[in-house]
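For reference, the structure is listed below as structure tokens.
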Amino acid sequence: MKLSEIAERLECRLEGDGDVEIRRVAGIERAGPGDLTFLVHQKYASKFAKTRASAVIVGLDVMSTGAPAALLRTDQPYVAFARAVALLMPAVPPARGVDRTSAIAPDVKLGPDVSIGPFVTIGAGASIGARTVIYPNVVVGAGAQVGEDCVLHSQVSIRDRVVVGHRVVVQDGSIVGSEGFGFARQPDGTHLKIPQRADIVIEDDVEIGANTTIDRPAIGETRIGAGTKIDNLVQVAHGVTVGRRVLLAAQVGIAGSCVIGDDVVLAGQVGVANHVRLGKGVMATAQTGIPNSVGDGEYLSGYPAVPHRDWLKSSAVVRQLPALKKRVAHLEQRLAELEEKLARCQTASDR
Amino acid sequence: MKLSEIAERLECRLEGDGDVEIRRVAGIERAGPGDLTFLVHQKYASKFAKTRASAVIVGLDVMSTGAPAALLRTDQPYVAFARAVALLMPAVPPARGVDRTSAIAPDVKLGPDVSIGPFVTIGAGASIGARTVIYPNVVVGAGAQVGEDCVLHSQVSIRDRVVVGHRVVVQDGSIVGSEGFGFARQPDGTHLKIPQRADIVIEDDVEIGANTTIDRPAIGETRIGAGTKIDNLVQVAHGVTVGRRVLLAAQVGIAGSCVIGDDVVLAGQVGVANHVRLGKGVMATAQTGIPNSVGDGEYLSGYPAVPHRDWLKSSAVVRQLPALKKRVAHLEQRLAELEEKLARCQTASDR
Amino acid sequence: MKLSEIAERLECRLEGDGDVEIRRVAGIERAGPGDLTFLVHQKYASKFAKTRASAVIVGLDVMSTGAPAALLRTDQPYVAFARAVALLMPAVPPARGVDRTSAIAPDVKLGPDVSIGPFVTIGAGASIGARTVIYPNVVVGAGAQVGEDCVLHSQVSIRDRVVVGHRVVVQDGSIVGSEGFGFARQPDGTHLKIPQRADIVIEDDVEIGANTTIDRPAIGETRIGAGTKIDNLVQVAHGVTVGRRVLLAAQVGIAGSCVIGDDVVLAGQVGVANHVRLGKGVMATAQTGIPNSVGDGEYLSGYPAVPHRDWLKSSAVVRQLPALKKRVAHLEQRLAELEEKLARCQTASDR
């Protein structure tokens with residue numbers, strides 16, 4: 001595809017030769033002739049000068065003097081990069097239609113142009129929206145509703161009565177609607193199961209990573225808000241409400257009945273204790289453990305979580321602790337000597 | 001169902017109008033007319049006064065004066081709640097019989113009234129107990145034994161020769177009997193696999209969450225004790241012995257050859273190092289890392305784990321560390337001044 | 001099998017009766033007559049004296065006087081143990097051939113002597129090498145290449161165009177080639193997906209545990225080096241390069257674009273932040289969080305990670321922090337008293 005056409009499609013300003021033929025998108029160091037690359041962080045500017053790419057997507061602030069390639073200039077270089085990848089590496093959707101080996105209950109409602117692969121099971125009373133793609137070995141339970149333009153990858157399980165919105169993507173092996181971890185301790189010490197059969201709703205434009213688990217509750221509902229993106233191996237427990245446009249990185253765990261505000265960002269392996277409320281836009285760095293609710297806009301680190309700035313200061317001192325302990329011991333010694341001297345001094349002055 | 005009938009079935013004392021019709025169980029804040037709710041923690045008493053529910057399950061200590069609804073009184077309100085959910089939201093079991101698309105070896109022993117869904121594979125010599133339900137796409141390996149009244153949800157893999165007791169529930173996507181992570185480093189630095197083909201036993205009344213993994217060992221056995229409940233995304237490594245009535249919350253990891261005592265409770269994301277023994281009733285808060293064995297009844301937190309009380313104290317001081325460091329620096333300064341003054345004082349008194 | 005034959009096959013020196021019949025390998029405490037056991041760590045020497053095993057694999061340094069059993073002596077006792085298990089507990093491979101219920105695209109290239117179980121889907125243009133075993137319910141995507149002598153266990157998903165080398169083992173439920181977690185924030189706060197369709201390569205002799213996830217990137221590639229072993233529930237994000245002979249224990253998480261050097265060993269639940277480079281032979285203890293790159297041979301602990309020795313020292317002081325804080329408060333009190341006394345002393349000496 002000609003660079004000039006790409007510029008037009010990505011709504012970027014072209015600076016340089018628009019006739020160059022672009023074949024793929026590549027990283028700034030690996031890119032060669034025929035490649036389009038991008039410069040998002042100014043800190044990679046030194047790599048920019050050396051790139052062998054034919055064209056570079058850049059922000060408005062990047063200098064063009066001495067540019068080694070044609071430029072596609074935009075105020076949203078990362079968004080333009082995303083679009084360039086979609087343009088130059090188009091998805092190959094599976095064939096439309098229903099594979100003859102699938103086991104679809106007679107009363108399932110299938111929208112137009114669905115694609116359903118081999119060994120897919122869809123239970124009684126379920127519905128699948130238009131153009132939704134279901135890869136092999138997926139199980140959709142009885143009464144589940146899956147919206148339009150969804151993609152369910154292989155080995156996914158959508159349990160009975162789960163409601164999934166439009167344009168939802170579920171990567172391979174994820175489980176939506178498994179039964180929450182709820183037991184009542186009985187007088188003899190055994191655990192009586194509290195049946196977990198209540199509702200679970202995945203709103204529009206959610207993406208769920210691979211081998212992630214989202215549980216349903218005993219009462220009320222579990223809900224993932226519109227536009228939220230969840231990475232791999234994440235645990236969302238029963239009765240959790242996740243807001244809109246939230247980002248949950250890999251291996252995050254959210255315990256039961258939490259309420260996660262809109263635009264929250266939790267980095268990898270973060271844990272949130274049960275019944276915690278995170279305000280809008282809360283952020284937490286990797287491995288943070290959050291035992292208590294926090295208000296809007298907090299930026300957290302550590303276990304137990306504290307404001308990131310405080311954590312940076314505490315962590316710095318933790319590393320110096322052995323030295324600090326020595327300083328205290330040294331102080332004690334000096335003070336003891338001083339006390340002794342002073343006792344002598346006083347005796348002297350008393351004489 | 002009439003409240004009086006529910007009271008009878010839950011073995012609760014009815015206080016109020018037993019003729020009211022109850023349709024579902026709901027949370028104390030969301031409940032409305034026709035709903036049964038519950039009050040387990042006294043701290044929610046303020047919500048109790050405002051509930052719109054038709055009936056409330058309460059403990060013996062809750063005051064009935066000014067109760068806004070009929071009461072079901074019991075000394076085990078949480079257990080009664082569990083039974084109420086089971087009563088009012090009954091499970092819809094799949095149809096009995098064996099789906100014609102399943103692949104069941106000719107010599108498999110199937111108990112009466114089993115339910116086996118589409119695309120289930122059961123290997124040679126395996127046995128499935130009476131009334132056990134196997135959802136679509138489950139694989140049961142050769143020679144595996146699954147007891148009576150079990151439920152294996154979709155995408156589960158029970159590997160060959162695994163022994164599963166009665167009334168065991170396995171949520172979707174969990175793996176029982178995968179090969180443990182055991183390798184011997186060879187002189188050239190490569191890792192030689194130690195075949196992991198020994199036994200694995202899941203005792204009666206165990207529940208295993210979604211996408212959890214339980215490995216088999218090279219020698220000896222991996223064993224999950226009766227009545228133990230395991231949440232989602234938990235790792236139980238090869239050769240681990242988990243006791244009875246243990247609770248393992250989501251994303252817990254237990255390394256090889258550990259022995260976990262009866263009634264242990266590990267909160268989310270806890271890690272236990274290999275060969276560690278945890279005594280009976282040990283508890284650990286979320287994200288605790290346990291490197292060494294501990295005796296019965298210990299309550300642990302932190303990494304490396306220490307008694308919870310000590311951890312609370314240490315954590316409090318960690319937050320104050322920058323201030324403590326300043327105090328030490330201030331002490332050093334004052335002490336230096338004092339030493340100087342004393343030197344002068346001594347000189348004065350020596351004169 | 002006669003012990004003399006085992007000695008020969010394991011290339012061990014036999015000390016004792018070679019005619020004894022050995023039936024299985026067992027742990028040193030559980031072993032009885034007819035069992036072969038092993039002594040790897042000298043610290044178990046007391047158990048050695050009491051073992052009821054018929055034979056023991058031992059290192060060169062173990063004393064034979066008073067040995068309670070025949071000995072198989074070698075300079076590599078752990079390697080000999082691995083071979084003994086393979087010898088005495090041989091794997092039972094599934095039948096060769098392609099199950100009639102599988103869904104294999106017409107143009108798939110199948111090598112000789114493959115074994116393909118029920119409900120396996122293999123997409124168009126894929127290839128499967130000689131003698132590779134594919135268990136039930138595995139999905140291999142279009143254009144994927146799987147080498148010779150591989151084993152793909154049940155419920156595995158190998159996505160389209162993934163390249164898998166020879167002798168690769170993937171335990172049940174693992175996902176190779178799911179789409180990385182890459183989104184570009186748009187001006188309205190929504191997240192635009194950056195399509196993740198680039199390459200992913202699993203080199204020869206890799207083992208991947210159960211329910212592990214390995215993502216593909218938007219550009220460049222994800223690569224797992226030859227001989228690397230990955231445990232259960234591990235996350236390897238998009239664009240990560242893992243070196244050769246690396247060991248990743250259960251629940252490790254490696255964020256995007258990391259470069260993990262050869263022979264690195266990460267213990268359970270370790271997290272590595274994105275774009276981090278770990279030098280050759282880096283080791284990290286369980287639950288370590290690594291935010292920054294480190295050079296060859298570092299041994300890390302803690303969060304944020306520091307050299308293990310420093311962490312041991314800091315951790316020791318952290319436990320003593322409440323006491324340290326009291327010592328500082330005591331110092332402050334004594335110092336204040338001293339300052340007061342000195343003021344009086346000076347007044348006295350000034351008179």
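As shown in the structure tokens, the chain order sets the letters A, B, ...; within each chain, residues go from 1, and ligands are also counted from 1 in the order they appear.
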
Using only C-alpha atoms, find the residues of chain B whose closest atom to chain C is at most 7 Å away, then write them as a PyMOL selection string. chain B and resi 103+119+121+137+139+155+157+175+178+181+184+186+190+193-195+211+213+219-220+313-314+317+328+331+338+345+348-349

Extract, using only C-alpha atoms, all DNA, RNA and protein residues at most 6 Å from Gly143 (chain C), discarding same-chain residues fewer than 2 positions from it, and format them as a PyMOL selection string. chain C and resi 125-126+160-161

File dump, residues just selected, N, CA and C atoms, as a tab-separated table (two decimals), in the first residue's frame:
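And here is the file that came out, selection_31.tsv:
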chain	number	residue	atom	x	y	z
C	125	GLY	N	-3.78	-25.31	6.42
C	125	GLY	CA	-2.39	-24.96	6.21
C	125	GLY	C	-1.46	-25.30	7.36
C	126	ALA	N	-1.99	-25.89	8.42
C	126	ALA	CA	-1.13	-26.24	9.57
C	126	ALA	C	-0.33	-27.50	9.25
C	160	ASP	N	-3.35	-19.53	15.46
C	160	ASP	CA	-2.92	-19.55	14.07
C	160	ASP	C	-1.49	-19.03	13.89
C	161	ARG	N	-0.76	-19.67	13.01
C	161	ARG	CA	0.60	-19.28	12.60
C	161	ARG	C	1.65	-19.38	13.71

Mind giving me the straight-line distance from CA of Pro217 (chain A) to CA of Ile260 (chain A) in Å, one decimal?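 Atom-to-atom, CA of Pro217 (chain A) to CA of Ile260 (chain A), that is 16.2 Å.
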
Fit result for chain B on chain C over all paired C-alpha atoms, given as a compact mmCIF listing (two decimals) with C-alpha atoms, in the first residue's frame:
# COMPACT_ATOMS: atom_id res chain seq x y z
CA MET B 1 13.69 -55.45 36.57
CA LYS B 2 16.90 -56.68 38.15
CA LEU B 3 18.94 -54.02 39.99
CA SER B 4 22.04 -54.96 38.00
CA GLU B 5 20.20 -54.14 34.77
CA ILE B 6 18.98 -50.83 36.20
CA ALA B 7 22.54 -49.99 37.26
CA GLU B 8 23.73 -50.60 33.74
CA ARG B 9 20.96 -48.55 32.15
CA LEU B 10 21.44 -45.64 34.57
CA GLU B 11 25.24 -45.84 34.22
CA CYS B 12 25.64 -46.16 37.99
CA ARG B 13 28.16 -48.24 39.93
CA LEU B 14 26.40 -51.05 41.75
CA GLU B 15 27.37 -51.70 45.38
CA GLY B 16 25.49 -54.72 46.77
CA ASP B 17 23.20 -57.47 45.50
CA GLY B 18 22.40 -56.94 41.81
CA ASP B 19 19.89 -59.77 41.68
CA VAL B 20 17.21 -58.03 43.74
CA GLU B 21 14.04 -57.36 41.72
CA ILE B 22 13.03 -53.66 41.60
CA ARG B 23 9.39 -52.78 40.90
CA ARG B 24 9.11 -49.04 41.42
CA VAL B 25 10.75 -45.79 42.53
CA ALA B 26 9.59 -44.37 45.86
CA GLY B 27 10.45 -41.65 48.40
CA ILE B 28 13.07 -42.56 50.97
CA GLU B 29 10.55 -42.66 53.84
CA ARG B 30 7.76 -44.55 52.06
CA ALA B 31 9.96 -47.00 50.18
CA GLY B 32 9.81 -50.69 51.05
CA PRO B 33 11.19 -53.96 49.73
CA GLY B 34 11.30 -53.97 45.94
CA ASP B 35 11.60 -50.17 45.82
CA LEU B 36 14.43 -48.04 44.51
CA THR B 37 14.87 -44.68 46.24
CA PHE B 38 17.44 -41.89 46.15
CA LEU B 39 19.43 -39.59 48.38
CA VAL B 40 20.14 -36.25 46.79
CA HIS B 41 20.62 -33.93 49.73
CA GLN B 42 23.05 -34.97 52.45
CA LYS B 43 20.60 -33.44 54.95
CA TYR B 44 18.36 -36.47 54.48
CA ALA B 45 21.17 -38.83 55.51
CA SER B 46 19.37 -39.75 58.74
CA LYS B 47 16.44 -41.02 56.65
CA PHE B 48 18.91 -43.00 54.56
CA ALA B 49 19.97 -45.10 57.57
CA LYS B 50 16.35 -46.02 58.26
CA THR B 51 15.05 -46.68 54.74
CA ARG B 52 13.41 -50.02 53.98
CA ALA B 53 14.10 -49.64 50.24
CA SER B 54 15.93 -52.43 48.42
CA ALA B 55 18.28 -49.98 46.71
CA VAL B 56 19.30 -46.35 46.94
CA ILE B 57 20.77 -44.02 44.29
CA VAL B 58 23.50 -42.00 46.00
CA GLY B 59 26.16 -39.43 45.18
CA LEU B 60 29.87 -40.12 45.32
CA ASP B 61 30.21 -38.53 48.75
CA VAL B 62 27.73 -40.74 50.59
CA MET B 63 29.32 -43.28 52.97
CA SER B 64 28.51 -46.89 52.18
CA THR B 65 29.39 -48.31 55.57
CA GLY B 66 26.20 -49.31 57.33
CA ALA B 67 24.16 -48.81 54.14
CA PRO B 68 20.78 -50.49 54.71
CA ALA B 69 20.38 -51.41 51.05
CA ALA B 70 22.20 -51.91 47.79
CA LEU B 71 23.60 -48.69 46.36
CA LEU B 72 23.65 -47.23 42.86
CA ARG B 73 26.50 -44.75 42.96
CA THR B 74 26.85 -41.86 40.52
CA ASP B 75 28.13 -38.29 40.35
CA GLN B 76 24.66 -37.22 39.14
CA PRO B 77 22.18 -38.83 41.56
CA TYR B 78 19.28 -36.55 40.62
CA VAL B 79 19.73 -37.27 36.92
CA ALA B 80 19.91 -40.99 37.68
CA PHE B 81 16.69 -40.68 39.69
CA ALA B 82 14.98 -39.03 36.72
CA ARG B 83 16.10 -41.86 34.45
CA ALA B 84 15.01 -44.48 36.98
CA VAL B 85 11.49 -43.06 37.05
CA ALA B 86 11.36 -43.09 33.26
CA LEU B 87 12.58 -46.68 33.25
CA LEU B 88 10.27 -48.10 35.92
CA MET B 89 7.13 -46.04 35.22
CA PRO B 90 7.06 -45.99 31.42
CA ALA B 91 4.57 -43.68 29.75
CA VAL B 92 1.59 -45.28 28.05
CA PRO B 93 1.36 -43.38 24.79
CA PRO B 94 -2.05 -43.15 23.15
CA ALA B 95 -2.71 -45.15 20.03
CA ARG B 96 -1.22 -43.87 16.80
CA GLY B 97 -3.45 -42.58 14.09
CA VAL B 98 -6.05 -39.88 13.69
CA ASP B 99 -9.32 -40.16 15.59
CA ARG B 100 -12.28 -40.20 13.22
CA THR B 101 -14.02 -37.42 15.21
CA SER B 102 -11.24 -34.91 14.64
CA ALA B 103 -11.68 -31.89 12.38
CA ILE B 104 -8.53 -31.60 10.31
CA ALA B 105 -8.41 -29.23 7.35
CA PRO B 106 -7.72 -31.03 4.06
CA ASP B 107 -4.37 -29.36 3.45
CA VAL B 108 -2.87 -30.05 6.87
CA LYS B 109 0.48 -31.85 6.66
CA LEU B 110 0.65 -34.73 9.13
CA GLY B 111 4.02 -36.40 9.75
CA PRO B 112 4.31 -40.17 10.10
CA ASP B 113 3.10 -41.91 13.26
CA VAL B 114 1.24 -38.96 14.71
CA SER B 115 -1.46 -39.59 17.31
CA ILE B 116 -4.45 -37.28 17.18
CA GLY B 117 -7.28 -37.76 19.67
CA PRO B 118 -11.01 -37.05 19.56
CA PHE B 119 -12.41 -33.57 18.90
CA VAL B 120 -9.08 -32.10 17.82
CA THR B 121 -9.29 -29.21 15.37
CA ILE B 122 -6.38 -28.38 13.07
CA GLY B 123 -6.75 -25.36 10.81
CA ALA B 124 -5.90 -24.89 7.16
CA GLY B 125 -2.26 -24.91 6.21
CA ALA B 126 -1.01 -26.20 9.55
CA SER B 127 1.63 -28.92 9.85
CA ILE B 128 2.23 -31.52 12.56
CA GLY B 129 5.62 -33.27 12.78
CA ALA B 130 6.37 -36.97 12.99
CA ARG B 131 5.36 -38.87 16.13
CA THR B 132 3.69 -35.85 17.71
CA VAL B 133 0.84 -36.71 20.11
CA ILE B 134 -2.22 -34.47 20.32
CA TYR B 135 -4.67 -35.26 23.11
CA PRO B 136 -8.44 -34.68 22.91
CA ASN B 137 -9.99 -31.24 22.44
CA VAL B 138 -6.79 -29.49 21.35
CA VAL B 139 -7.12 -26.70 18.81
CA VAL B 140 -4.25 -25.91 16.43
CA GLY B 141 -4.91 -22.76 14.41
CA ALA B 142 -4.52 -22.14 10.70
CA GLY B 143 -0.95 -22.06 9.47
CA ALA B 144 0.55 -23.19 12.79
CA GLN B 145 3.64 -25.40 12.62
CA VAL B 146 4.19 -28.03 15.29
CA GLY B 147 7.46 -29.98 15.18
CA GLU B 148 8.35 -33.64 15.72
CA ASP B 149 7.94 -35.64 18.92
CA CYS B 150 5.79 -32.96 20.58
CA VAL B 151 3.01 -33.67 23.08
CA LEU B 152 0.01 -31.33 23.27
CA HIS B 153 -2.24 -32.27 26.18
CA SER B 154 -6.00 -31.81 26.33
CA GLN B 155 -7.68 -28.41 26.10
CA VAL B 156 -4.58 -26.71 24.70
CA SER B 157 -4.95 -23.93 22.16
CA ILE B 158 -2.13 -23.22 19.70
CA ARG B 159 -3.28 -20.15 17.80
CA ASP B 160 -2.84 -19.52 14.10
CA ARG B 161 0.68 -19.24 12.65
CA VAL B 162 2.36 -20.16 15.95
CA VAL B 163 5.67 -21.97 15.36
CA VAL B 164 6.47 -24.80 17.77
CA GLY B 165 9.80 -26.66 17.63
CA HIS B 166 10.63 -30.31 18.23
CA ARG B 167 10.12 -32.26 21.47
CA VAL B 168 7.94 -29.51 22.94
CA VAL B 169 5.48 -30.58 25.68
CA VAL B 170 2.44 -28.46 26.50
CA GLN B 171 0.40 -29.49 29.55
CA ASP B 172 -3.39 -29.26 29.59
CA GLY B 173 -5.23 -26.00 29.10
CA SER B 174 -2.32 -23.80 28.07
CA ILE B 175 -2.73 -21.10 25.45
CA VAL B 176 0.04 -20.21 23.01
CA GLY B 177 -0.48 -17.22 20.76
CA SER B 178 -3.38 -15.37 22.39
CA GLU B 179 -3.48 -11.68 21.58
CA GLY B 180 -1.33 -9.44 23.80
CA PHE B 181 -2.82 -6.78 26.06
CA GLY B 182 -2.18 -3.72 23.93
CA PHE B 183 -4.50 -0.73 23.70
CA ALA B 184 -4.08 2.92 22.77
CA ARG B 185 -5.96 5.43 24.93
CA GLN B 186 -8.05 7.69 22.74
CA PRO B 187 -8.91 11.31 23.51
CA ASP B 188 -12.37 10.29 24.78
CA GLY B 189 -10.80 7.88 27.31
CA THR B 190 -11.73 4.68 25.48
CA HIS B 191 -9.12 2.07 24.63
CA LEU B 192 -8.45 1.30 20.96
CA LYS B 193 -7.17 -2.19 20.42
CA ILE B 194 -3.76 -2.52 18.81
CA PRO B 195 -4.19 -5.74 16.82
CA GLN B 196 -1.77 -8.38 18.09
CA ARG B 197 -1.12 -10.59 15.07
CA ALA B 198 2.66 -10.86 14.89
CA ASP B 199 4.85 -13.93 15.38
CA ILE B 200 5.41 -16.33 18.22
CA VAL B 201 8.05 -19.03 18.32
CA ILE B 202 8.47 -21.85 20.83
CA GLU B 203 11.92 -23.37 20.29
CA ASP B 204 12.94 -27.02 20.72
CA ASP B 205 12.72 -28.91 24.02
CA VAL B 206 10.49 -26.36 25.74
CA GLU B 207 7.95 -27.57 28.31
CA ILE B 208 4.91 -25.44 29.11
CA GLY B 209 2.82 -26.22 32.22
CA ALA B 210 -0.95 -26.31 32.63
CA ASN B 211 -3.21 -23.27 32.07
CA THR B 212 -0.25 -21.05 31.19
CA THR B 213 -0.66 -18.20 28.69
CA ILE B 214 1.85 -16.95 26.15
CA ASP B 215 0.76 -13.92 24.15
CA ARG B 216 1.71 -12.79 20.67
CA PRO B 217 2.65 -9.15 19.99
CA ALA B 218 1.50 -6.45 17.58
CA ILE B 219 4.95 -6.25 15.99
CA GLY B 220 8.14 -8.27 16.30
CA GLU B 221 7.79 -11.61 18.01
CA THR B 222 7.36 -13.49 21.27
CA ARG B 223 10.02 -16.19 21.64
CA ILE B 224 10.65 -18.96 24.17
CA GLY B 225 14.24 -20.23 23.94
CA ALA B 226 15.31 -23.84 23.53
CA GLY B 227 15.24 -26.02 26.62
CA THR B 228 13.26 -23.54 28.71
CA LYS B 229 10.74 -25.01 31.18
CA ILE B 230 7.61 -23.10 32.23
CA ASP B 231 5.33 -24.17 35.08
CA ASN B 232 1.56 -23.77 35.51
CA LEU B 233 -0.47 -20.54 35.38
CA VAL B 234 2.47 -18.49 34.11
CA GLN B 235 1.88 -15.33 32.08
CA VAL B 236 4.33 -14.46 29.30
CA ALA B 237 3.17 -11.23 27.72
CA HIS B 238 3.48 -9.97 24.14
CA GLY B 239 6.88 -9.40 22.66
CA VAL B 240 8.78 -11.11 25.47
CA THR B 241 12.00 -12.93 24.59
CA VAL B 242 12.80 -15.73 27.01
CA GLY B 243 16.31 -17.20 26.70
CA ARG B 244 17.46 -20.81 26.72
CA ARG B 245 17.26 -23.21 29.66
CA VAL B 246 15.22 -20.70 31.69
CA LEU B 247 13.03 -21.99 34.54
CA LEU B 248 9.80 -20.10 35.30
CA ALA B 249 7.94 -21.48 38.33
CA ALA B 250 4.17 -21.38 38.78
CA GLN B 251 2.23 -18.11 38.58
CA VAL B 252 5.21 -16.07 37.40
CA GLY B 253 4.18 -13.04 35.37
CA ILE B 254 6.41 -11.43 32.75
CA ALA B 255 5.12 -8.17 31.32
CA GLY B 256 5.41 -6.98 27.73
CA SER B 257 8.68 -6.69 25.78
CA CYS B 258 10.92 -8.13 28.53
CA VAL B 259 14.15 -9.87 27.59
CA ILE B 260 14.95 -12.76 29.93
CA GLY B 261 18.53 -14.05 29.66
CA ASP B 262 19.67 -17.66 29.32
CA ASP B 263 19.60 -19.82 32.46
CA VAL B 264 17.43 -17.38 34.43
CA VAL B 265 15.46 -18.98 37.30
CA LEU B 266 12.35 -17.22 38.62
CA ALA B 267 10.58 -18.81 41.60
CA GLY B 268 6.81 -18.86 42.10
CA GLN B 269 4.67 -15.72 41.76
CA VAL B 270 7.59 -13.52 40.68
CA GLY B 271 6.58 -10.49 38.62
CA VAL B 272 8.72 -8.69 36.03
CA ALA B 273 7.68 -5.22 34.82
CA ASN B 274 7.53 -4.41 31.14
CA HIS B 275 10.65 -3.65 29.06
CA VAL B 276 12.88 -5.15 31.80
CA ARG B 277 16.05 -7.01 30.78
CA LEU B 278 17.32 -9.77 33.04
CA GLY B 279 20.93 -10.81 32.44
CA LYS B 280 22.12 -14.38 32.08
CA GLY B 281 21.66 -16.58 35.11
CA VAL B 282 19.59 -14.09 37.14
CA MET B 283 17.70 -15.76 39.98
CA ALA B 284 14.78 -14.39 41.99
CA THR B 285 13.10 -15.88 45.06
CA ALA B 286 9.33 -16.36 45.27
CA GLN B 287 7.05 -13.29 44.99
CA THR B 288 9.92 -10.98 44.02
CA GLY B 289 8.82 -7.95 42.02
CA ILE B 290 11.40 -6.78 39.48
CA PRO B 291 10.80 -3.21 38.23
CA ASN B 292 14.17 -2.57 36.58
CA SER B 293 16.75 -4.34 34.44
CA VAL B 294 19.61 -6.17 36.14
CA GLY B 295 22.88 -7.62 34.85
CA ASP B 296 24.17 -11.17 34.63
CA GLY B 297 24.15 -13.42 37.66
CA GLU B 298 22.17 -11.20 40.05
CA TYR B 299 20.25 -12.95 42.83
CA LEU B 300 17.15 -10.94 43.72
CA SER B 301 14.45 -10.80 46.39
CA GLY B 302 11.79 -8.43 47.66
CA TYR B 303 9.55 -5.80 46.20
CA PRO B 304 10.98 -3.74 44.72
CA ALA B 305 13.71 -6.30 44.07
CA VAL B 306 17.12 -5.83 45.65
CA PRO B 307 20.12 -8.18 45.91
CA HIS B 308 19.08 -11.17 48.00
CA ARG B 309 21.67 -10.50 50.70
CA ASP B 310 20.49 -6.93 51.17
CA TRP B 311 16.92 -8.15 51.30
CA LEU B 312 17.75 -10.69 54.00
CA LYS B 313 19.29 -7.91 56.07
CA SER B 314 16.45 -5.45 55.46
CA SER B 315 13.80 -8.09 56.19
CA ALA B 316 15.48 -8.92 59.47
CA VAL B 317 15.38 -5.26 60.48
CA VAL B 318 11.77 -4.85 59.30
CA ARG B 319 10.76 -7.48 61.84
CA GLN B 320 12.61 -5.51 64.53
CA LEU B 321 11.15 -2.15 63.46
CA PRO B 322 8.78 -1.67 66.39
CA ALA B 323 11.73 -2.29 68.73
CA LEU B 324 13.94 0.07 66.70
CA LYS B 325 11.28 2.76 66.90
CA LYS B 326 11.20 2.39 70.68
CA ARG B 327 14.98 2.64 70.80
CA VAL B 328 14.82 5.91 68.84
CA ALA B 329 12.14 7.27 71.18
CA HIS B 330 14.25 6.25 74.17
CA LEU B 331 17.29 7.94 72.64
CA GLU B 332 15.31 11.13 72.15
CA GLN B 333 14.24 11.08 75.77
CA ARG B 334 17.74 10.44 77.07
CA LEU B 335 19.20 13.08 74.80
CA ALA B 336 16.68 15.66 75.97
CA GLU B 337 17.57 14.88 79.56
CA LEU B 338 21.23 15.15 78.74
CA GLU B 339 20.77 18.47 76.97
CA GLU B 340 18.99 19.78 80.03
CA LYS B 341 21.69 18.51 82.36
CA LEU B 342 24.40 20.00 80.18
CA ALA B 343 22.63 23.33 80.19
CA ARG B 344 22.68 23.17 83.98
CA CYS B 345 26.30 22.00 83.94
CA GLN B 346 27.29 24.90 81.72
CA THR B 347 25.42 27.34 83.95
CA ALA B 348 27.31 25.84 86.88
CA SER B 349 30.68 26.10 85.14
CA ASP B 350 29.87 29.63 83.94
CA ARG B 351 29.32 30.77 87.49

Strand (DSSP E or B) positions in region 14-84 of chain C, given as a ChimeraX atom specification: /C:14-15,21,24-25,35-39,55-58,70-73

Where in region 22-224 of chain C does DSSP assign alpha helix (DSSP H), given as a list of chain:residue names?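 Residues of region 22-224 of chain C classed as alpha helix (DSSP H): C:Ala45, C:Ser46, C:Lys47, C:Phe48, C:Ala49, C:Lys50, C:Pro77, C:Tyr78, C:Val79, C:Ala80, C:Phe81, C:Ala82, C:Arg83, C:Ala84, C:Val85, C:Ala86, C:Leu87, C:Leu88.
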